[in-house]
Amino acid sequence: MTLDLAHYPLLALADTPEQLRELPQDKLKQVAKELRQYLLTSVSQSSGHFASGLGTVELTVALHYVYNTPFDRLIWDVGHQAYPHKILTGRRDRMPTIRQKNGLHPFPWPNESEYDTFAVGHSSTSISAAVGMAVAAEKEALGRKVVAVIGDGAMTAGMAFEALNHGGDIDKDMLVILNDNEMSISENVGALNSHLARLLTGNFFNSIRDGGKKLLSSVPPIKEFASRAEEHIKGMVVPGTIFEELGFNYIGPIDGHDVNGVVDTLKNMRNIKGAQILHVVTKKGKGYELAEKDPIKFHAVPKFNPSADGLPKAAPSDPTFSNIFGRWLCDMAQQDPNLMAVTPAMREGSGMVEFSQKFPEQYFDVAIAEQHAVTFAAGLAKEGQNAVVAIYSTFLQRAYDQLIHDVALQNLPVLFAIDRAGLVGADGPTHQGAYDIPFLRCIPNMVIMTPADENECRQMLYTGHKLNKPAAVRYPRGSGTGVKPDNSMQALEIGKSRTIRQGEKVAILNFGVLLPYAEKAAEVLNATVIDMRFVKPLDTEAVTNVAKDHELLITLEDGATTGGAGGAVAEYLLSTVHTSRLLQIGLPDEFIMQGTQTEMYAEIGMDDAGIIAKAQAFLAQ
């Protein structure tokens with residue numbers, strides 16, 4: 001798919017920021033208009049993240065116009081909002097490949113472009129990285145500027161405030177742009193505030209402010225009075241007191257869709273010394289009415305027709321594992337008034353919309369604050385509430401200390417419903433849920449369950465909920481295997497597997513949703529297949545039994561083999577007397593790039609063909 005650049009005459013002249021900066025400023029409004037249309041057309045034909053990028057078009061144009069990127073460092077937070085950045089930095093013609101195997105990375109990725117200064121996928125990392133880069137820039141003394149763009153959703157994470165606290169304290173030259181795409185302060189944006197922002201960033205105001213500070217520095221009482229007077233005046237017209245207290249000079253809010261206004265303000269701010277914050281207000285989905293009205297629905301989209309009434313209806317499919325969790329959560333809450341469900345801003349992705357509507361008093365969205373989510377759940381559990389934390393595998397990594405120190409150490413009954421475990425597909429290496437089994441398996445008091453299908457997932461959630469200790473149920477992104485869940489709920493026997501197929505010589509010990517691949521491979525290999533169900537505690541009796549009369553044991557898991565479920569089997573076998581050999585199949589010791597789950601399973605050799613090939617090669621040794 002290629003897009004006809006004849007429809008984008010100015011955008012065609014701005015394939016790189018260097019070319020963009022050659023255009024006169026009065027052409028930027030048209031550049032932004034063409035960029036927004038190009039983004040709309042491109043994503044509608046290829047799928048991808050959508051609404052966030054529409055909201056940052058003018059801001060992206062202004063940043064690359066004013067700053068000398070890539071020499072000046074531009075750091076994006078999260079990355080959903082960086083599609084316009086990719087288009088303007090030499091990757092315009094490759095946009096149709098984004099999030100696809102061997103295509104453009106879904107988020108900023110330094111190996112892909114020198115304009116991507118920092119790899120990002122999780123939120124709230126940009127300010128910390130910018131502080132580090134600002135320190136390095138001062139040491140270099142080459143005049144390099146550093147700018148971080150953070151969305152206000154990412155400002156809910158403690159890490160962002162830790163970085164602000166440090167950055168304001170050391171007061172290095174850097175700019176943090178708060179991209180506020182919520183409507184709570186929209187009434188504050190207008191001509192007055194935009195004029196004020198330009199005034200406060202202008203040379204006249206800053207020369208007076210800096211000169212006044214130097215003049216009054218030797219008179220502490222007057223200096224204190226002047227400082228408080230400035231703070232009071234600014235506090236009356238801008239909501240920036242908290243940032244000022246953290247040591248940042250706050251400017252804004254300004255209209256983030258007035259490209260010339262943003263350019264003028266950035267030009268003024270570019271040479272101001274010290275730590276600065278510019279507050280811009282944008283609208284998610286800007287320029288496409290349907291996305292403006294429902295930015296959550298249009299956050300990430302499949303291929304669609306922009307001229308139609310909305311996104312295409314998805315073809316009927318089996319329920320996703322997230323749906324299974326959401327249904328179980330509602331059913332469980334009807335039985336258990338003490339059930340308390342917690343999510344770090346993943347209500348839609350984790351399948352919790354219905355639960356949040358039916359049981360609002362038992363539902364807690366703590367925003368993008370994974371550490372707080374886990375310790376908050378620990379507090380609930382300590383006081384007799386039955387806490388369930390719905391969290392993506394890759395986000396649970398961010399709360400590892402809390403998981404150990406606040407939950408497991410105290411042996412508190414918190415259930416972790418770990419979504420997006422294993423390969424996630426198009427979101428690539430920042431979101432692959434590869435490491436939860438290794439990092440959970442070494443923690444005392446943890447029970448770790450790996451459902452092979454939808455019904456096992458439901459029953460394991462119930463099992464974990466009824467345990468009086470920490471438990472985790474990990475399940476993948478996407479649809480299940482077509483097994484209809486049993487409406488009843490029964491607790492499984494802890495640490496007990498089930499035999500699926502009896503064979504000879506080879507036994508496949510399956511952990512999780514790769515069971516269909518194991519069963520297909522077993523038909524060719526005439527192998528025994530065991531659905532292990534539990535990584536911890538491991539069914540050592542089953543392992544002992546198959547080790548007695550099988551030449552080769554194969555462990556299969558949708559996770560890292562280093563320290564994974566296969567490692568648990570290997571450790572047990574080393575402590576016993578046996579003659580069988582062990583082959584561990586799972587994710588290799590490398591970061592897995594984007595691509596569909598099916599494509600990546602085949603490439604890594606985790607599908608049935610890969611299992612067969614590896615087993616036969618191993619047996620032939």
# chains A, B, ... in the order shown; residues from 1 in each chain; ligands from 1

$ select_by_dssp --residues "region 511-567 of chain A" --states "alpha helix (DSSP H)" --output "list in words"
Leu515, Pro516, Tyr517, Ala518, Glu519, Lys520, Ala521, Ala522, Glu523, Val524, Leu525, Thr540, Glu541, Ala542, Val543, Thr544, Asn545, Val546, Ala547, Lys548, Asp549, Ala565, Gly566 and Gly567 of chain A

$ residues_around --residues "Val577 (chain A)" --least-positions-apart "5" --cutoff "12 Å" --atoms "only C-alpha atoms" --output "PyMOL selection string"
chain A and resi 543-545+547-548+572

$ atom_distance --atom1 "CA of His405 (chain A)" --atom2 "CA of Cys330 (chain A)"
29.5 Å

$ closest_residue --among "A:Ile368, A:Ser126, A:Phe591, A:Leu266" --to "Gly153 (chain A)" --atoms "only C-alpha atoms"
A:Ile368

$ residues_around --residues "Tyr250 (chain A)" --least-positions-apart "2" --cutoff "6 Å" --atoms "only C-alpha atoms" --output "list in words"
Gly240, Phe248 and Ile277 of chain A
